[in-house]
2 protein chains.
Amino acid sequence: MRPFTSTISLDEARRRLDAAVRPIARAERVRLEDAAGRVCAADVTSPLDVPPFARSAMDGYAVVASDTAGATASTPARLRQLDRIYTGHMSSAVIERGTCAEIATGAPLPAGADAVVMVEETRKTGDEIEILAAATAGQHIGRRGADIAMGDRVIASGDLLSPGRVGAIAAIGSADVAVFAKPRVAILSTGNEVIEPGSALAPGQIFDVNRFTLGAIVSAHGGIAEPHRAAQDTVAALIEALDACATADLIVFSGGSSVGERDLVVDAIAARGEMIFHGIAVRPGKPTAFAQLRNASGGTPFFGMPGNPTSCLSNAYILLAPFLRALARLPLHTPRIIRAPLGRRIASAVSRHQFYTVRLRDGVAFPAFKGSGDITSLSQADGYIEIPADQGGVEEGAPVDVTLF
Amino acid sequence: MRPFTSTISLDEARRRLDAAVRPIARAERVRLEDAAGRVCAADVTSPLDVPPFARSAMDGYAVVASDTAGATASTPARLRQLDRIYTGHMSSAVIERGTCAEIATGAPLPAGADAVVMVEETRKTGDEIEILAAATAGQHIGRRGADIAMGDRVIASGDLLSPGRVGAIAAIGSADVAVFAKPRVAILSTGNEVIEPGSALAPGQIFDVNRFTLGAIVSAHGGIAEPHRAAQDTVAALIEALDACATADLIVFSGGSSVGERDLVVDAIAARGEMIFHGIAVRPGKPTAFAQLRNASGGTPFFGMPGNPTSCLSNAYILLAPFLRALARLPLHTPRIIRAPLGRRIASAVSRHQFYTVRLRDGVAFPAFKGSGDITSLSQADGYIEIPADQGGVEEGAPVDVTLF
């Protein structure tokens, strides 16, 4: 049986992961309908002014401002209406002194006009329009290019496409946009005993859990989960599985990475790449490995996650998700943290950084951790608290910071 | 021209929306790979014990605990090894006094054994296994059903399917799960001047922005965006558009809801349903309407959003997203809020609740608002601050709470 050659601290594991990540360089074009949440892969520059014409910002009358000098409700300026201008309609009228045109919000300003008087400051008397307040030049006009000028950089490469940014791309008339590809993440469980949900269990078998929890994490953090069937526990089967995943941007196996005679992932990695770490001083999740595989494209990062469902998912939140986001060029995820009193004492004798799942009830955090092998440690938890390696335990009633899932 | 019959407060608008929402009742089955983030539509009860058999929680030896009483490194208990039990392998060995079986983590416990001694507390000498520490009955055994017992409710109807909950469903062998359907949201821009991005602009025309920003909000908050082509500005065209959207769970139009002779959405709604409100004392976004349409399925909620891109998207964040989440049975979204000093004074003369977009630079919040018609008010903003109706303005340097997008 082989012990872990060395167990590293959580901080050291994070440093090595940060150093190993190569943000994805591959780009693709997506339709604007599918662009939100993606990361822009090239600066987007406007080929036109937005708005493309001077337009009215109000329902009212397009006028020559100087015509309205001194106008009040008792001494209105009187103008002759030449046209009625709706949106999407170019007026051929030319507004000269003494004339005006009725105009809708968003409609193009007619030639000659240099201001809009809102309808509330006008009165219609027969054929005449009375202007009840003096207008200043430029008033209630959205000038051409006021929002975006031709040549403006609307979006920078690397920007996350928020709804507003998607809107800006639409505004300049693009129906699609170049974005960085989502990393393709091959996911595979190892273990003779692991079978697909939906099948019938033979004696000694269990259903695959990790492929689904890992897939959910991958999808939530910008990756495309590519599930593979569970691999058998032989070095040959694992190397074959690694080779089958070689075109992925990231490979995530679970199981087979604990200490033991049959810890085969270590041998499979040795055949195909270089181990960066194997074993972290955290609980749950100690038997987690990270490696770089050699291949045609230079190297594929590899996570060997623990087989125990809670250990696996816990480290997927803590280590895999941040790594994947960096790979996908997504901004850091900042989970919500709330402070709550602990509902029941937690003893922590281990000299490992501990993640302890908790359930919130009436504002109190109750321990939800059953065992590393128990998926209900996580499925029934609302979040987790952390107990540093040098801290003994936490007393009942002590305030704890709960990181919410 | 018609004024708003009455403008209501933002709080009153929220109350009416809360009162109007009917959470979706339609359910569907989805594959487990697609289940994360969905809302479970029926209790899920386990048809089996998890684990389905007693298993070892350690690499080591399955023993009869009483055989090891008083064992120490200097006075070890000596046992004869009957078998070597890997995962996925049922041993036919029966462990009787004086015997043991080597066992891997996760492998089924053989008959007769009642404890596992971890490999670190054993020594192999020839054919004998020396046990170096006394074991207690049950030690290092995951008993059958310890994680989930047959008949346990694993997930409750209404639960949001987190990665952990998806894992729990996999653990009990289900390959799919019943979830509430995502609300289908018909999205349509109104206006003669509005054309599709990707086409060529004729004079007086602008590109559709709101369909894309609304679509992004809808997708991010649990809906399926069903875009429709922009409708012309006639009551007949709008009624036809409403009828074309009648099978949706929610209808969202933008434009055509301002004050003016051609405010046609009001007439279209009058023909097909009942207006709940029209006009909110917020800025931007005053001309926002909400209605209930009469139809075969009893009634479809309708949002009439402002045509101005920033007004439309601002109210999509503030009013549409929470309504849609309630419709989809998703938990309340709690945006991140950070406190920052304001980088430049904001004057606020209006007696309306104001949402003011800001951009964060070096921890300082700078106003990003240009105009309601300017999409860059939002595409270049990181979040917004709120200025209540009764507050004049905010001075430079004053601390403000920025709600991040």
# chains A, B, ... in the order shown; residues from 1 in each chain; ligands from 1
>>> interface_residues(of="chain B", to="chain A", cutoff="6 Å", atoms="only C-alpha atoms", output="VMD selection string")
chain B and resid 36 87 to 90 108 147 163 to 165 167 to 168 170 to 171 173 to 175 192 to 193 197 to 198 204 to 205 207 209 212 to 213 216 374 to 375 378 to 379
>>> residues_around(residues="Ala149 (chain A)", least_positions_apart="4", cutoff="8 Å", atoms="only C-alpha atoms", output="ChimeraX atom specification")
/A:46,48-50,145
>>> write_last_selection(atoms="C-alpha atoms", output="mmCIF file, in the first residue's frame")
data_model
loop_
_atom_site.group_PDB
_atom_site.id
_atom_site.type_symbol
_atom_site.label_atom_id
_atom_site.label_comp_id
_atom_site.auth_asym_id
_atom_site.auth_seq_id
_atom_site.Cartn_x
_atom_site.Cartn_y
_atom_site.Cartn_z
ATOM 1 C CA SER A 46 -19.393 50.354 -33.700
ATOM 2 C CA LEU A 48 -22.401 53.446 -37.010
ATOM 3 C CA ASP A 49 -23.726 56.195 -34.798
ATOM 4 C CA VAL A 50 -26.380 55.276 -32.235
ATOM 5 C CA GLY A 145 -24.265 59.314 -31.937
#
>>> residues_around(residues="Ala20 (chain A)", least_positions_apart="2", cutoff="10 Å", atoms="only C-alpha atoms", output="list in words")
Arg14, Arg15, Arg16, Leu17, Asp18, Arg22, Pro23, Ile276, Phe290, Ala291, Gln292, Pro301, Phe323 and Leu327 of chain A
>>> closest_residue(among="A:Ala289, A:Val185, A:Leu342, A:Ile269", to="Pro306 (chain A)", atoms="only C-alpha atoms")
A:Ala289
>>> select_by_dssp(residues="region 185-405 of chain B", states="alpha helix (DSSP H)", output="PyMOL selection string")
chain B and resi 210-220+235-244+264-272+309-315+321-327+376-379
>>> residues_around(residues="Thr72 (chain B)", least_positions_apart="4", cutoff="8 Å", atoms="only C-alpha atoms", output="tab-separated table (two decimals) with C-alpha atoms, in the first residue's frame")
chain	number	residue	atom	x	y	z
B	76	PRO	CA	-0.97	-8.06	18.34
B	77	ALA	CA	-3.97	-10.26	17.54
B	131	ILE	CA	-3.80	-6.48	14.24
B	132	LEU	CA	-2.04	-3.79	16.28
B	133	ALA	CA	-5.02	-2.08	17.95
B	134	ALA	CA	-8.32	-3.20	19.42
>>> closest_residue(among="B:Glu102, B:Pro47, B:Arg359, B:Leu264", to="Asp152 (chain B)", atoms="only C-alpha atoms")
B:Pro47
>>> residues_around(residues="Ile129 (chain A)", least_positions_apart="6", cutoff="8 Å", atoms="only C-alpha atoms", output="MDAnalysis selection string")
chainID A and resid 78:81 122:123
>>> residues_around(residues="Gly222 (chain B)", least_positions_apart="2", cutoff="8 Å", atoms="only C-alpha atoms", output="MDAnalysis selection string")
chainID B and resid 182:183 218:220 224 324:325 328 330
>>> select_by_dssp(residues="region 7-246 of chain A", states="strand (DSSP E)", output="ChimeraX atom specification")
/A:27-31,44-45,55-56,60-63,77-85,99-103,115-118,122-125,128-131,141-142,153-155,176-180,184-189,194-195,206-207,224-227
